[in-house]
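Student: Please see the structure below; I have some questions.
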Amino acid sequence: MNAVPPAAPHQENLNSGPSITAAQRSNLLPFTARGYSWWRARSLSLLGAGAFPLAREERLFRALCRPVPGELWLDVGTSTGFYAGALARCGARVVAADLSGPMLSEAARREPSPAITWTRMNVEVSGLPDASFDGVTVGATLNETHDPARLLREVARLTRPGGQVWLMYLRRTAGPVQALLGVPALGGLTFPDPGWVQRHLPGLRRTAALGVGAVQFEQFVRGA
Ligand SMILES: C[S@@+](CC[C@H](N)C(=O)[O-])C[C@H]1O[C@@H](n2cnc3c(N)ncnc32)[C@H](O)[C@@H]1O
C-alpha cells in the first residue's frame with residue numbers, strides 16, 4: 001500500500017454519548033495517559049503472564065507477524081504507541097489511532113517517528129476504505145471498546161486480502177474480578193473467549209495463538 005488513508009471525516013463528538021465505556025472514558029484523562037506507559041510495561045506480568053516485559057512481547061509480535069519496510073499498518077487503540085513504535089522500528093508505516101487525545105500526545109512524545117501518523121478516531125466506525133492496510137494490531141483495545149464485535153468487523157474490513165491481524169487481549173476466565181470489571185459503571189470491560197473472537201473475524205483464519213495466564217496473543221490472516 002502506498003498512501004496513508006485520510007482521517008475519517010465524520011468523527012465529531014468522539015468523547016460523548018452513551019457509546020463509550022467507563023474504561024474508554026477513563027483513558028481520556030491526561031492523568032491516565034501520563035501513567036499508562038508505567039502500567040503497560042508491567043501489565044502482562046501483573047495480569048498473570050509470568051515475566052513478560054515489553055521486549056518479550058515485541059519479539060513475539062515480530063517473530064510471528066514479520067512486518068516489513070513499506071507495509072502500511074493500523075494500530076487500533078495505540079495508547080502510548082507500543083505497537084506503533086515496534087512497527088516503525090521494522091520500517092513499516094503506521095496509522096496509530098486512539099479515541100484519546102492525551103494518549104496520542106503522550107505517544108507522539110515517546111515514539112517520535114516520521115513513519116507514524118497519530119490519528120484521533122473511534123475505530124469501531126473508522127469510515128476508512130475497505131482493505132486499506134497490510135496489517136492491523138489490536139493490543140487490548142478489544143477488552144475496553146464499547147462494541148467489540150463491531151470493532152472486529154471493522155478490523156476485518158480494513159485488512160487487505162492476504163493481510164494479517166495481530167490481537168493481544170485478556171480472555172474470559174469466569175473469575176469474579178472479570179465479572180466486576182464487566183459492570184458498566186466499573187469499567188464495562190469485555191473478556192472474550194478465543195472462539196467468539198474467531199467467529200467475529202469473517203474471512204480471516206487464525207494462524208497462531210498463544211495463551212499465557214489470561215493473556216491471549218493471536219495472529220490471523222485474511223483470505224485472498
Ligand atoms: C488497553 S489500551 C491499549 C494499549 C495499547 N494498544 C498497547 O498495546 O499498549 C486501550 C486504548 O484504546 C483506546 N480505545 C478504546 N476503544 C477505542 C476505539 N473504539 N477506537 C480507538 N481507540 C480506542 C483507549 O483510548 C486506550 O488508549
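In the C-alpha cells, the first chain shown is A, the next is B, and so on; residue numbers restart at 1 for each chain, and ligands run from 1 in the order shown.
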Report as a list in words which protein, DNA and RNA residues come within 6 Å of ligand 1, using only C-alpha atoms and all ligand atoms.
Tutor: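 Final answer, ordered by chain and number: Gln24, Asn27, Val76, Gly77, Thr78, Ser79, Phe82, Tyr83, Ala97, Asp98, Leu99, Ser100, Met103, Met121, Asn122, Val123, Glu124, Val138, Gly139, Ala140, Thr141, Glu144 and Thr145 of chain A.
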Student: Where does DSSP see helix (DSSP H, G or I) in region 29-201 of chain A, if you list the residues as a ChimeraX atom specification?
Tutor: /A:30-49,54-65,82-89,101-110,123-125,141-144,148-158,176-182,184-186,194-199
Student: As an NGL selection string, please: all residues of region 8-206 of chain A that backbone DSSP puts in strand (DSSP E).
Tutor: :A and (72-76 or 93-98 or 116-120 or 133-139 or 159-170 or 204-206)
Student: For Thr207 (chain A), which of A:Gly175, A:Pro129, A:Gly223, A:Gly91 is the closest residue, counting only C-alpha atoms?
Tutor: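 Residue with the minimum atom-to-atom distance to Thr207 (chain A): A:Gly223.
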Student: Which neighbours of Gly203 (chain A) fall inside 12 Å, counting only C-alpha atoms, when residues of the same chain fewer than 2 positions from it are skipped, and could you give them as a list in words?
Tutor: Leu152, Arg153, Val155, Ala156, Arg157, Leu158, Thr159, Arg160, Pro161, Gly162, Gly163, Gln164, Val165, Gln198, Arg199, His200, Leu201, Arg205, Arg206, Phe220, Val221, Arg222, Gly223 and Ala224 of chain A
Student: Those same residues, written as a PDB file, in the first residue's frame with C-alpha atoms?
Tutor:
ATOM      1  CA  LEU A 152     -13.570  -6.824  14.953  1.00  0.00           C
ATOM      2  CA  ARG A 153     -15.824  -6.489  11.896  1.00  0.00           C
ATOM      3  CA  VAL A 155     -10.702  -4.630  11.592  1.00  0.00           C
ATOM      4  CA  ALA A 156     -11.578  -7.460   9.169  1.00  0.00           C
ATOM      5  CA  ARG A 157     -12.956  -4.984   6.636  1.00  0.00           C
ATOM      6  CA  LEU A 158      -9.863  -2.752   6.803  1.00  0.00           C
ATOM      7  CA  THR A 159      -7.379  -5.609   6.285  1.00  0.00           C
ATOM      8  CA  ARG A 160      -6.426  -6.289   2.679  1.00  0.00           C
ATOM      9  CA  PRO A 161      -6.744  -9.825   1.243  1.00  0.00           C
ATOM     10  CA  GLY A 162      -3.631 -11.711   2.398  1.00  0.00           C
ATOM     11  CA  GLY A 163      -3.035  -9.141   5.142  1.00  0.00           C
ATOM     12  CA  GLN A 164      -2.754 -10.009   8.811  1.00  0.00           C
ATOM     13  CA  VAL A 165      -4.279  -9.089  12.151  1.00  0.00           C
ATOM     14  CA  GLN A 198     -12.674 -16.137  15.592  1.00  0.00           C
ATOM     15  CA  ARG A 199     -16.412 -16.039  14.815  1.00  0.00           C
ATOM     16  CA  HIS A 200     -16.338 -12.241  14.669  1.00  0.00           C
ATOM     17  CA  LEU A 201     -13.470 -12.007  12.193  1.00  0.00           C
ATOM     18  CA  ARG A 205      -8.072 -17.626   9.506  1.00  0.00           C
ATOM     19  CA  ARG A 206      -6.246 -17.975  12.829  1.00  0.00           C
ATOM     20  CA  PHE A 220      -4.999 -14.073  11.779  1.00  0.00           C
ATOM     21  CA  VAL A 221      -4.603 -13.850   8.015  1.00  0.00           C
ATOM     22  CA  ARG A 222      -7.335 -12.612   5.695  1.00  0.00           C
ATOM     23  CA  GLY A 223      -8.148 -14.935   2.817  1.00  0.00           C
ATOM     24  CA  ALA A 224      -7.125 -13.763  -0.633  1.00  0.00           C
TER      25      ALA A 224
END
Student: Can you pull out every residue within 10 Å of Asp193 (chain A), counting only C-alpha atoms, but drop anything in the same chain fewer than 5 positions away, and send it as a ChimeraX atom specification?
Tutor: /A:169-173,198,216
Student: For the residues in the current selection, export C-alpha atoms as a PDB file, in the first residue's frame.
Tutor:
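Just written: out.pdb:
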ATOM      1  CA  TYR A 169      -6.337  -9.389  24.777  1.00  0.00           C
ATOM      2  CA  LEU A 170      -7.415 -10.736  28.146  1.00  0.00           C
ATOM      3  CA  ARG A 171      -9.566 -13.757  27.545  1.00  0.00           C
ATOM      4  CA  ARG A 172     -12.521 -14.881  29.616  1.00  0.00           C
ATOM      5  CA  THR A 173     -11.630 -16.733  32.815  1.00  0.00           C
ATOM      6  CA  GLN A 198     -12.674 -16.137  15.592  1.00  0.00           C
ATOM      7  CA  GLN A 216      -4.056 -14.212  24.708  1.00  0.00           C
TER       8      GLN A 216
END
